[in-house]
Amino acid sequence: MHDRCIIFYDQIGCGNSSVPSNKDAYSIQNAVNDLDRLIQHLQLNSFHLYGHSFGGILAYEYFKWKSSNSSTNTTMYPPSSTSTSSSKPLILSLTLASAPFNVSKVDEEVSLLLKSLEPKGTNQHQHNHVNKTTECCNDSIGSGATLSESEDDNSSSSPSSSIPPFVDAATDADTYDTDDSEVTTAESMFQHQFVCRTSGDGGVLPEPLQEAYNKMGKVWVGTDVIQDYVAQPPLPIPASTSLSPSPQQQELALSIPPPLLLLRGNFDFVSEECSFNQWKRLMCKIKDNASVDCKTLEGCSHYAMVEDVVLYASTLDQFLMKCECKDERKEEKQ
């Protein structure tokens, strides 16, 4: 990713962030609020938003909050009390990488994959242990936001002020019990085939992932805490009471939904149905001619950004540049 300001953050409960012991401090809503406070604190007017795995859920939910009317925001995702901006920041693009549309469906598919790898006679205890490979919340893998600023944003951290910020809400949702000595053959095979294909003998994760997992969350963790999650469209934006919509209303209407990139490895345990097709159908419900690009990364699984760094970065960079060229053409026409 050349000439971009990229901002990652550790979610509450993992990485270097605080770790509240009260589970009430953790929820998708609270995580969206935290992301909003970060964006407001950085005073970003526009940015690209990226989320991987569980981070993709957060990225989508932030978009959904942004596109909802203000009265709904107060109930679902109240704006930060420290916000200094009266207008909502503009999401230039949205990237959902290996993001589960339906968490329980992904769990079902993972169970089938694991069953196909298990030797005959595997007992239920082993099967339950294997299911830890899809535990969702919350760890420090890629946790954070990546922001790239537009020309109107003034940030000394941006290497090029002409390139919009890139916000990475990428908190990966998967955790592993890397210290457990009872790792089964099925677990090792599953991890090597569907989670990270660069893992070594015995399913050992690459060092960057191991370091991140060492800082994963311990309080709010596992798919059980978000088992009922199924992505839903934003609530309708109320019609303007005035005869002519304001410039802000026009800008918001044109940006919903923003250009969407769906990414997955062809060996990813999050299936094409759950990471591509269902998201596409949802976006078309929001807008008939929604811009949705689907990219399958050959030879990769869930952690494609580790497995093929060059392919991953070039695919993402090309999408962002395409979005920015469209914005420039719009400005020229105006």
# chains A, B, ... in the order shown; residues from 1 in each chain; ligands from 1
$ residues_around --residues "A:Ser21" --least-positions-apart "6" --cutoff "12 Å" --atoms "only C-alpha atoms" --output "PyMOL selection string"
chain A and resi 12-14+217-220
$ atom_distance --atom1 "atom CA of A:Gly15" --atom2 "atom CA of A:Tyr60"
22.0 Å
$ atom_distance --atom1 "atom CA of A:Lys285" --atom2 "atom CA of A:Asp224"
28.2 Å
$ atom_distance --atom1 "atom CA of A:Ile286" --atom2 "atom CA of A:Lys105"
22.3 Å
$ closest_residue --among "A:Leu282, A:Ala97, A:Val310, A:Leu58" --to "A:Leu262" --atoms "only C-alpha atoms"
A:Ala97
$ residues_around --residues "A:Leu316" --least-positions-apart "5" --cutoff "9 Å" --atoms "only C-alpha atoms" --output "list in words"
Met1, Thr95, Leu261, Leu263, Leu311 and Met321 of chain A
$ write_last_selection --atoms "all heavy atoms" --output "mmCIF file, in the first residue's frame"
data_model
loop_
_atom_site.group_PDB
_atom_site.id
_atom_site.type_symbol
_atom_site.label_atom_id
_atom_site.label_comp_id
_atom_site.auth_asym_id
_atom_site.auth_seq_id
_atom_site.Cartn_x
_atom_site.Cartn_y
_atom_site.Cartn_z
ATOM 1 N N MET A 1 0.861 -1.183 0.000
ATOM 2 C CA MET A 1 0.000 0.000 0.000
ATOM 3 C C MET A 1 0.900 1.236 0.000
ATOM 4 O O MET A 1 1.458 1.613 1.037
ATOM 5 C CB MET A 1 -0.910 -0.008 1.219
ATOM 6 C CG MET A 1 -1.793 -1.246 1.340
ATOM 7 S SD MET A 1 -3.044 -1.341 0.068
ATOM 8 C CE MET A 1 -4.102 -0.003 0.584
ATOM 9 N N THR A 95 -14.470 -2.273 2.289
ATOM 10 C CA THR A 95 -13.894 -3.574 1.956
ATOM 11 C C THR A 95 -14.200 -4.552 3.078
ATOM 12 O O THR A 95 -13.856 -4.308 4.236
ATOM 13 C CB THR A 95 -12.366 -3.488 1.758
ATOM 14 O OG1 THR A 95 -12.075 -2.619 0.663
ATOM 15 C CG2 THR A 95 -11.790 -4.858 1.462
ATOM 16 N N LEU A 261 -15.859 -3.797 -1.926
ATOM 17 C CA LEU A 261 -14.978 -4.878 -2.347
ATOM 18 C C LEU A 261 -15.140 -6.039 -1.375
ATOM 19 O O LEU A 261 -14.993 -5.871 -0.165
ATOM 20 C CB LEU A 261 -13.512 -4.419 -2.361
ATOM 21 C CG LEU A 261 -12.472 -5.508 -2.632
ATOM 22 C CD1 LEU A 261 -12.654 -6.130 -4.015
ATOM 23 C CD2 LEU A 261 -11.049 -4.962 -2.470
ATOM 24 N N LEU A 263 -13.576 -9.658 -0.431
ATOM 25 C CA LEU A 263 -12.334 -10.423 -0.607
ATOM 26 C C LEU A 263 -12.411 -11.750 0.147
ATOM 27 O O LEU A 263 -12.950 -11.811 1.261
ATOM 28 C CB LEU A 263 -11.136 -9.641 -0.065
ATOM 29 C CG LEU A 263 -10.458 -8.575 -0.927
ATOM 30 C CD1 LEU A 263 -9.355 -7.899 -0.118
ATOM 31 C CD2 LEU A 263 -9.900 -9.171 -2.191
ATOM 32 N N LEU A 311 -0.058 -10.049 -3.629
ATOM 33 C CA LEU A 311 -1.362 -10.179 -4.276
ATOM 34 C C LEU A 311 -2.428 -9.437 -3.499
ATOM 35 O O LEU A 311 -3.266 -8.728 -4.070
ATOM 36 C CB LEU A 311 -1.734 -11.656 -4.409
ATOM 37 C CG LEU A 311 -3.131 -11.958 -4.968
ATOM 38 C CD1 LEU A 311 -3.270 -11.417 -6.385
ATOM 39 C CD2 LEU A 311 -3.408 -13.471 -4.935
ATOM 40 N N MET A 321 -7.739 2.793 -5.724
ATOM 41 C CA MET A 321 -7.399 3.761 -6.764
ATOM 42 C C MET A 321 -8.550 3.935 -7.747
ATOM 43 O O MET A 321 -8.827 5.047 -8.211
ATOM 44 C CB MET A 321 -6.135 3.310 -7.498
ATOM 45 C CG MET A 321 -4.867 3.397 -6.644
ATOM 46 S SD MET A 321 -3.390 2.787 -7.501
ATOM 47 C CE MET A 321 -3.255 4.018 -8.804
#
$ residues_around --residues "stretch 298-303 of chain A" --least-positions-apart "3" --cutoff "6 Å" --atoms "only C-alpha atoms" --output "PyMOL selection string"
chain A and resi 194-196+265-268+306
$ closest_residue --among "A:Cys274, A:Leu209, A:Leu260, A:Ile57" --to "A:Asp293" --atoms "only C-alpha atoms"
A:Leu260
$ closest_residue --among "A:Val106, A:Val309, A:Val230, A:Leu96" --to "A:Cys294" --atoms "only C-alpha atoms"
A:Leu96
$ closest_residue --among "A:Ser116, A:Thr198, A:Thr223, A:Gln40" --to "A:Leu90" --atoms "only C-alpha atoms"
A:Gln40
